[in-house]
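The block underneath contains the structure these notes are about, expressed in structure tokens.
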Amino acid sequence: MNDRTTKRVLIIDPDMTTLSDLERHLRRNGWMPRRAIDASTGLSSLNREKTELVICEAELPDCDPIALIGRIKEANPDTDIIVTGRLEALDLPELLDAGAADVVFKPIAPHELARSLLRLEHNQQRLKRLIQNNRDLKQALDRANATYETRNVFLAELIHEIRAPVSGVIGFTEMILDTRLDDNQLEHARAIKMSGESLLSVADNLLDFTRIEAGELDIEAIEFDPELIAYDVCELMRPRVREKPVEILCHIADNVPSLLVGDPLRFRQVLTNLMQNATKFTDAGEVELSLQVAEESNEKVCIHAIVRDTGIGIVPEKLSEIFQPFQQAGQSTLRKYGGTGLGLSICKKISSLMNGDVWAESNTNQGSTFHFTAWFGISPRKSSSPNTRGAIAGKRILIIDDNRASLDILSHLLTSAGLQTVTLRNPEDAFSALREGLSAGEPFDACLTDIQMPGITGIDLAHRIRASESQLPQIPLIALSSRTNRDAKRCEEAGFNGFLSKPIRRKKLFQMLDQLIGNPVHIKEQKNIATQYSVREDQKHSVRILLAEDNPVNQRITELMLSKGGYRTETVSNGRQAVAVYSASPENYDLIFMDVQMPETDGLEAARMLRNRGYSQVPIIALTAYAGESDREKCFAAGMNDFITKPITREKVYEKLEEWIFSEVGE
Amino acid sequence: MTLTEITRYLNLDEAECLEIVQLFVAIGTEDLKILKDAIEKGDQRLALQKGHALKGSALNLGIRCIADNAEKIERLVRSDRTGDCSEALQQLSDAMEHMTIVAGVKP
């Protein structure tokens, strides 16, 4: 209620004496009273003149009090209502619930009414203070939000400022590492690079964290191959366990779709983070990444990634804390292993943006298992990967590995592709198994063996097989190594025909088996050991690329980069020529690199023309100097599959070829 | 920017890089001349085309000073501020002059 002198009050009461008494009392207290003898007259009066207070009798002849309160409040929400009446006629809780501010019993004692009016006034003042407080709070909140935004922007800029010189330090250190250095210099340069990378990863985590806090982390929806990402992440982990007896394993369940629609970058980020933690906290044993399908509907699939390690584990009471920002399993962990304690909280946020979750199961010294679920779209494009491999289906393979999990994964890979397998954990038994196969008329077609085993190593085994006096020396042998290609030479000398790095990628394994036992002539012609790289090289030479680029400098750079990579390229100078050359013999080209800005017919128009002519399969990769979102959208709208922003570097070109050629050819 | 730096940037042989730099200088010098004329005559379309071409090829060679100035000119031309291009044009000319030395076209 406002200033007392200006306040208006309407009294609705059929009793004239009550009306007069109340009017007199209220007037004395500075009110301007009006009167009505029933509800309808009262409501009409309210419609005509704004009124701060209504005092109404509960037992009116034309309206019950609850309905009347409702009608008054509907048209005048700020008007206070005091209901008067006989004690037995008033249902106090019901009236207050309906919106009455107070109730005064009849006969009305003047001090009761005065107290009721005072209460109303206090309530009004409290409300006023509350409104003012809310206003102040809102202003404070706005100021805090503005400061918070400014802080976030400042932090993001600061991190960018840190990233640029640190990237420079890493880049130049890499160049130094390429030069001739003595052992001390090498060690110091490596330390600089590792420190730089560590600082860069802290900066990246902070940047992601500020983006998430600001709600700026967008989740993309593009097609990607989850298997490829899982293996890439495992590959990335190998240098981290180089000095430790730790095996990296990767298992992809058969029902995981080959193409998902989602954010590959963020998916990879979470897997990388979980795997980095696992390798960091595991000194011996194994770290396994597996992908499974948790749930599936017609258009969506929930992928469940599990990262299991045999590391130091986490005490159960710390399990929920580790997902909080800036938290680790303990101060001693932080001192020993370092880190910002942001990685897992970022994973948690990302998983929640993907409608999934991240959680962990662990116990001290019993290893940990981290779970990550996320929902993805299922690509309408079907994988060309067959379940059974024609040329090698039915072949008998002997697999030897002392690691149970690794053996199971390999055996599963091969049997699900239609091959027969026999698995052995003890290499001592290999020789007799091979002989028994021969004498039973069921010889093995190939033997896959781990080369780092206790007792007889894979190398020893290969020497013995090659030196034996039976048909055994003919069997194709494939070495499996947790180490890098440094072992390939030793394996070649021991008589191996193929060399694969662990974790074994399904595609690479099948490519090698296709090459070694799919074509019996091939192994006789083979001079050097087949590695995943040599198999890839063979594939590269069969790939043909059409390059549409008008600038002779850019033409030459791209041609040289491609030829260095072993690819065959044909170059045209504008979009019109690209359409003509491709249309004349589409079977000759596996991919088109298309500059966007070209004379006559630009790249966008050329892409549209090719798609309109029905050439929907060939990947068209835009080459563009513009990196904006709208430029990307223009490329996609024109029917292009992907783009490279200039400057064009070998890494970018090869990455796209890997993605668009080998993920297809390799299937 | 030296030939060694470009070689390192492109990760190609030095002879191949020299060939590319010479090609860049030959085409870039001509493009720069056309760009200057186009700006002088107010031919916005041609200026944009040549500025963009210079930017793209310089970016690919890692020659930032040329790429940045060409981009600046692109921006100025696009916002009808061709009158403000002289400083960037001068820097482009200086950088291109330097590249002729790198390419061995000038001693």
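Each chain in the structure tokens gets a letter, A, B and so on, in the order shown; residues start at 1 in every chain, and ligands are counted from 1 in the order they appear.
The shell of residues at most 8 Å from segment 145-153 of chain A, with only C-alpha atoms counted and near chain neighbours (fewer than 3 positions) removed, consists of A:Leu141, A:Asp142, A:Ala156, A:Glu157, A:Thr210, A:Ala214.
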Using only C-alpha atoms, find each residue in chain B having at least one atom no more than 8 Å away from chain A; report its shortest atom-to-atom pair and that distance in Å (one decimal), rows by chain then rising number, as JSON lines.
{"residue": "B:Leu10", "atom": "CA", "partner": "A:Thr649", "partner_atom": "CA", "distance": 6.9}
{"residue": "B:Asn11", "atom": "CA", "partner": "A:Arg650", "partner_atom": "CA", "distance": 7.9}
{"residue": "B:Leu12", "atom": "CA", "partner": "A:Met561", "partner_atom": "CA", "distance": 7.7}
{"residue": "B:Ile20", "atom": "CA", "partner": "A:Val553", "partner_atom": "CA", "distance": 6.2}
{"residue": "B:Leu23", "atom": "CA", "partner": "A:Val553", "partner_atom": "CA", "distance": 6.1}
{"residue": "B:Phe24", "atom": "CA", "partner": "A:Val553", "partner_atom": "CA", "distance": 5.7}
{"residue": "B:Ala53", "atom": "CA", "partner": "A:Asn551", "partner_atom": "CA", "distance": 7.1}
{"residue": "B:Lys55", "atom": "CA", "partner": "A:Ala625", "partner_atom": "CA", "distance": 8.0}
{"residue": "B:Gly56", "atom": "CA", "partner": "A:Ala625", "partner_atom": "CA", "distance": 6.0}
{"residue": "B:Ser57", "atom": "CA", "partner": "A:Asn554", "partner_atom": "CA", "distance": 5.7}
{"residue": "B:Leu59", "atom": "CA", "partner": "A:Pro647", "partner_atom": "CA", "distance": 4.9}
{"residue": "B:Asn60", "atom": "CA", "partner": "A:Pro647", "partner_atom": "CA", "distance": 4.2}
{"residue": "B:Leu61", "atom": "CA", "partner": "A:Pro647", "partner_atom": "CA", "distance": 7.5}
{"residue": "B:Gly62", "atom": "CA", "partner": "A:Pro647", "partner_atom": "CA", "distance": 7.2}
Top pick for closest residue to Leu48 of chain B, considering B:Ile63, B:Ile27, B:Arg75, B:Asp68 and counting only C-alpha atoms: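 With only C-alpha atoms as the atom set, the closest residue is B:Arg75.
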Mind checking DSSP for segment 168-345 of chain A and telling me the alpha helix (DSSP H) residues as a PDB file with C-alpha atoms, in the first residue's frame?
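Result file follows (selection23.pdb):
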ATOM      1  CA  GLY A 168      56.658 -22.347 -31.729  1.00  0.00           C
ATOM      2  CA  VAL A 169      58.937 -23.775 -29.028  1.00  0.00           C
ATOM      3  CA  ILE A 170      57.728 -27.310 -29.794  1.00  0.00           C
ATOM      4  CA  GLY A 171      58.065 -26.808 -33.573  1.00  0.00           C
ATOM      5  CA  PHE A 172      61.592 -25.447 -33.351  1.00  0.00           C
ATOM      6  CA  THR A 173      62.578 -28.137 -30.861  1.00  0.00           C
ATOM      7  CA  GLU A 174      61.382 -30.737 -33.365  1.00  0.00           C
ATOM      8  CA  MET A 175      63.620 -29.101 -35.956  1.00  0.00           C
ATOM      9  CA  ILE A 176      66.543 -29.213 -33.511  1.00  0.00           C
ATOM     10  CA  LEU A 177      65.790 -32.895 -32.860  1.00  0.00           C
ATOM     11  CA  ASP A 183      73.359 -37.501 -26.169  1.00  0.00           C
ATOM     12  CA  ASN A 184      73.154 -34.606 -23.715  1.00  0.00           C
ATOM     13  CA  GLN A 185      71.746 -32.223 -26.274  1.00  0.00           C
ATOM     14  CA  LEU A 186      69.272 -34.874 -27.405  1.00  0.00           C
ATOM     15  CA  GLU A 187      68.096 -35.425 -23.864  1.00  0.00           C
ATOM     16  CA  HIS A 188      67.706 -31.702 -23.222  1.00  0.00           C
ATOM     17  CA  ALA A 189      65.888 -31.093 -26.506  1.00  0.00           C
ATOM     18  CA  ARG A 190      63.499 -33.963 -25.740  1.00  0.00           C
ATOM     19  CA  ALA A 191      62.888 -32.517 -22.276  1.00  0.00           C
ATOM     20  CA  ILE A 192      62.052 -29.123 -23.834  1.00  0.00           C
ATOM     21  CA  LYS A 193      59.639 -30.782 -26.246  1.00  0.00           C
ATOM     22  CA  MET A 194      57.959 -32.824 -23.520  1.00  0.00           C
ATOM     23  CA  SER A 195      57.647 -29.789 -21.247  1.00  0.00           C
ATOM     24  CA  GLY A 196      56.232 -27.775 -24.126  1.00  0.00           C
ATOM     25  CA  GLU A 197      53.707 -30.470 -24.949  1.00  0.00           C
ATOM     26  CA  SER A 198      52.738 -30.724 -21.328  1.00  0.00           C
ATOM     27  CA  LEU A 199      52.226 -26.955 -21.122  1.00  0.00           C
ATOM     28  CA  LEU A 200      50.242 -27.032 -24.359  1.00  0.00           C
ATOM     29  CA  SER A 201      47.986 -29.746 -23.003  1.00  0.00           C
ATOM     30  CA  VAL A 202      47.394 -27.714 -19.814  1.00  0.00           C
ATOM     31  CA  ALA A 203      46.533 -24.684 -21.969  1.00  0.00           C
ATOM     32  CA  ASP A 204      44.187 -26.782 -24.137  1.00  0.00           C
ATOM     33  CA  ASN A 205      42.443 -28.182 -21.073  1.00  0.00           C
ATOM     34  CA  LEU A 206      42.003 -24.708 -19.616  1.00  0.00           C
ATOM     35  CA  LEU A 207      40.673 -23.430 -22.925  1.00  0.00           C
ATOM     36  CA  ASP A 208      38.156 -26.264 -23.144  1.00  0.00           C
ATOM     37  CA  PHE A 209      37.177 -25.725 -19.546  1.00  0.00           C
ATOM     38  CA  THR A 210      36.490 -22.012 -20.059  1.00  0.00           C
ATOM     39  CA  ARG A 211      34.506 -22.824 -23.205  1.00  0.00           C
ATOM     40  CA  ILE A 212      32.423 -25.375 -21.348  1.00  0.00           C
ATOM     41  CA  GLU A 213      31.871 -22.945 -18.456  1.00  0.00           C
ATOM     42  CA  PRO A 226      34.689 -44.884 -34.418  1.00  0.00           C
ATOM     43  CA  GLU A 227      36.987 -47.850 -35.002  1.00  0.00           C
ATOM     44  CA  LEU A 228      39.541 -45.671 -36.757  1.00  0.00           C
ATOM     45  CA  ILE A 229      39.504 -43.209 -33.880  1.00  0.00           C
ATOM     46  CA  ALA A 230      39.855 -45.949 -31.263  1.00  0.00           C
ATOM     47  CA  TYR A 231      42.905 -47.410 -33.003  1.00  0.00           C
ATOM     48  CA  ASP A 232      44.392 -43.953 -33.571  1.00  0.00           C
ATOM     49  CA  VAL A 233      44.076 -43.205 -29.874  1.00  0.00           C
ATOM     50  CA  CYS A 234      45.760 -46.516 -29.017  1.00  0.00           C
ATOM     51  CA  GLU A 235      48.548 -45.759 -31.480  1.00  0.00           C
ATOM     52  CA  LEU A 236      49.012 -42.402 -29.805  1.00  0.00           C
ATOM     53  CA  MET A 237      49.503 -44.153 -26.465  1.00  0.00           C
ATOM     54  CA  PRO A 264      34.720 -37.143 -33.783  1.00  0.00           C
ATOM     55  CA  LEU A 265      37.010 -34.535 -32.236  1.00  0.00           C
ATOM     56  CA  ARG A 266      35.268 -34.619 -28.865  1.00  0.00           C
ATOM     57  CA  PHE A 267      34.849 -38.413 -28.997  1.00  0.00           C
ATOM     58  CA  ARG A 268      38.574 -38.728 -29.606  1.00  0.00           C
ATOM     59  CA  GLN A 269      39.288 -36.170 -26.869  1.00  0.00           C
ATOM     60  CA  VAL A 270      37.466 -38.191 -24.220  1.00  0.00           C
ATOM     61  CA  LEU A 271      39.039 -41.497 -25.325  1.00  0.00           C
ATOM     62  CA  THR A 272      42.485 -39.892 -25.426  1.00  0.00           C
ATOM     63  CA  ASN A 273      42.053 -38.435 -21.980  1.00  0.00           C
ATOM     64  CA  LEU A 274      40.905 -41.711 -20.447  1.00  0.00           C
ATOM     65  CA  MET A 275      43.678 -43.648 -22.188  1.00  0.00           C
ATOM     66  CA  GLN A 276      46.303 -41.084 -21.156  1.00  0.00           C
ATOM     67  CA  ASN A 277      45.239 -41.458 -17.534  1.00  0.00           C
ATOM     68  CA  ALA A 278      45.302 -45.237 -17.821  1.00  0.00           C
ATOM     69  CA  THR A 279      48.799 -45.297 -19.321  1.00  0.00           C
ATOM     70  CA  LYS A 280      50.003 -42.692 -16.836  1.00  0.00           C
ATOM     71  CA  GLN A 331      47.877 -34.734  -3.342  1.00  0.00           C
ATOM     72  CA  SER A 332      50.519 -37.460  -3.579  1.00  0.00           C
ATOM     73  CA  THR A 333      49.110 -38.447  -6.998  1.00  0.00           C
ATOM     74  CA  LEU A 334      49.282 -34.823  -8.116  1.00  0.00           C
ATOM     75  CA  ARG A 335      52.889 -34.526  -6.943  1.00  0.00           C
ATOM     76  CA  LYS A 336      53.960 -37.757  -8.600  1.00  0.00           C
ATOM     77  CA  TYR A 337      52.006 -37.650 -11.862  1.00  0.00           C
ATOM     78  CA  GLY A 343      40.764 -33.693 -17.892  1.00  0.00           C
ATOM     79  CA  LEU A 344      38.124 -35.887 -16.286  1.00  0.00           C
ATOM     80  CA  SER A 345      35.781 -33.010 -15.522  1.00  0.00           C
TER      81      SER A 345
END
Please list as number ranges by chain every residue within 9 Å of Lys50 of chain B, counting only C-alpha atoms and excluding residues in the same chain fewer than 3 positions away. B: 31-32, 34-35, 38, 45-47, 53-55, 70, 74
Report as a count of residues only: the residues of segment 136-367 of chain A with a DSSP assignment of strand (DSSP E or B), based on the backbone of this structure. 41
Residues within 12 Å of Glu220 of chain A, please, as number ranges by chain. Count only C-alpha atoms; anything in the same chain fewer than 3 positions from it doesn't count. A: 217, 223-224, 260-267, 350, 353-354, 376-377
Go ahead and write the selection's residues with N, CA, C and O atoms as a CSV table (one decimal), in the first residue's frame.
chain,number,residue,atom,x,y,z
A,217,LEU,N,30.9,-24.7,-25.9
A,217,LEU,CA,31.5,-25.9,-26.5
A,217,LEU,C,30.4,-26.5,-27.3
A,217,LEU,O,29.4,-27.1,-26.8
A,223,GLU,N,30.0,-37.3,-40.0
A,223,GLU,CA,30.2,-38.7,-40.1
A,223,GLU,C,31.7,-39.0,-39.7
A,223,GLU,O,32.6,-38.3,-40.0
A,224,PHE,N,31.8,-40.1,-38.9
A,224,PHE,CA,33.2,-40.6,-38.6
A,224,PHE,C,33.2,-42.1,-38.3
A,224,PHE,O,32.1,-42.7,-38.0
A,260,LEU,N,29.5,-43.4,-37.7
A,260,LEU,CA,28.5,-42.7,-36.8
A,260,LEU,C,28.4,-41.3,-37.2
A,260,LEU,O,29.3,-40.7,-37.9
A,261,VAL,N,27.4,-40.6,-36.7
A,261,VAL,CA,27.2,-39.2,-36.9
A,261,VAL,C,27.3,-38.5,-35.6
A,261,VAL,O,26.5,-38.7,-34.7
A,262,GLY,N,28.3,-37.7,-35.4
A,262,GLY,CA,28.6,-37.0,-34.1
A,262,GLY,C,29.8,-36.2,-34.2
A,262,GLY,O,30.2,-35.8,-35.3
A,263,ASP,N,30.4,-35.9,-33.1
A,263,ASP,CA,31.6,-35.1,-33.0
A,263,ASP,C,32.8,-35.9,-32.8
A,263,ASP,O,33.2,-36.3,-31.7
A,264,PRO,N,33.6,-36.3,-33.9
A,264,PRO,CA,34.7,-37.1,-33.8
A,264,PRO,C,35.8,-36.5,-32.9
A,264,PRO,O,36.5,-37.2,-32.2
A,265,LEU,N,36.0,-35.2,-33.0
A,265,LEU,CA,37.0,-34.5,-32.2
A,265,LEU,C,36.8,-34.7,-30.7
A,265,LEU,O,37.7,-35.1,-30.0
A,266,ARG,N,35.6,-34.5,-30.3
A,266,ARG,CA,35.3,-34.6,-28.9
A,266,ARG,C,35.3,-36.1,-28.4
A,266,ARG,O,35.7,-36.4,-27.3
A,267,PHE,N,34.8,-37.0,-29.3
A,267,PHE,CA,34.8,-38.4,-29.0
A,267,PHE,C,36.3,-38.8,-28.8
A,267,PHE,O,36.6,-39.5,-27.8
A,350,ILE,N,31.7,-33.2,-21.6
A,350,ILE,CA,31.6,-33.6,-23.0
A,350,ILE,C,30.6,-34.7,-23.1
A,350,ILE,O,29.7,-34.7,-24.0
A,353,LEU,N,27.2,-33.5,-22.8
A,353,LEU,CA,26.7,-32.8,-24.0
A,353,LEU,C,26.3,-33.8,-25.1
A,353,LEU,O,25.6,-33.5,-26.0
A,354,MET,N,26.9,-35.0,-25.0
A,354,MET,CA,26.6,-36.1,-26.0
A,354,MET,C,25.5,-37.0,-25.4
A,354,MET,O,25.4,-38.2,-25.8
A,376,PHE,N,25.0,-41.3,-30.6
A,376,PHE,CA,25.4,-40.8,-31.9
A,376,PHE,C,24.3,-41.2,-32.9
A,376,PHE,O,23.5,-42.1,-32.7
A,377,GLY,N,24.3,-40.4,-34.0
A,377,GLY,CA,23.4,-40.8,-35.1
A,377,GLY,C,24.0,-41.9,-35.9
A,377,GLY,O,25.2,-42.1,-35.8
To one decimal place, how far is atom CA of Lys50 of chain A from atom CA of Ala36 of chain A in Å? 14.7 Å
All residues 8 Å or closer to segment 309-319 of chain A, only C-alpha atoms, same chain fewer than 2 positions away omitted, as a list of chain:residue names: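 That gives A:Ala278, A:Thr279, A:Phe281, A:Thr282, A:Asp283, A:Ala284, A:Gly285, A:Glu286, A:Val287, A:Glu288, A:Val307, A:Glu321, A:Ile322, A:Phe323, A:Ala329, A:Ala360, A:Glu361, A:Ser362, A:Asn363, A:Thr364, A:Asn365, A:Gln366, A:Gly367, A:Ser368, A:Thr369.
Coordinates place atom CA of Asp595 of chain A at a distance of 5.1 Å from atom CA of Glu549 of chain A.
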Please provide the set of residues having any atom within 12 Å of Ser352 of chain A, restricted to only C-alpha atoms, with same-chain residues fewer than 3 positions apart removed, written as a VMD selection string. chain A and resid 212 217 219 266 to 267 270 345 to 349 355 to 359 372 to 375
Nearest to Pro503 of chain A by atom-to-atom distance, counting only C-alpha atoms, from A:Trp660, A:Leu410, A:Glu112, A:Ser585: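 Counting only C-alpha atoms, the residue closest to Pro503 of chain A is A:Leu410.
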Correct to one decimal, the distance atom CA of Leu87 of chain A-atom CA of Val9 of chain A is 23.0 Å
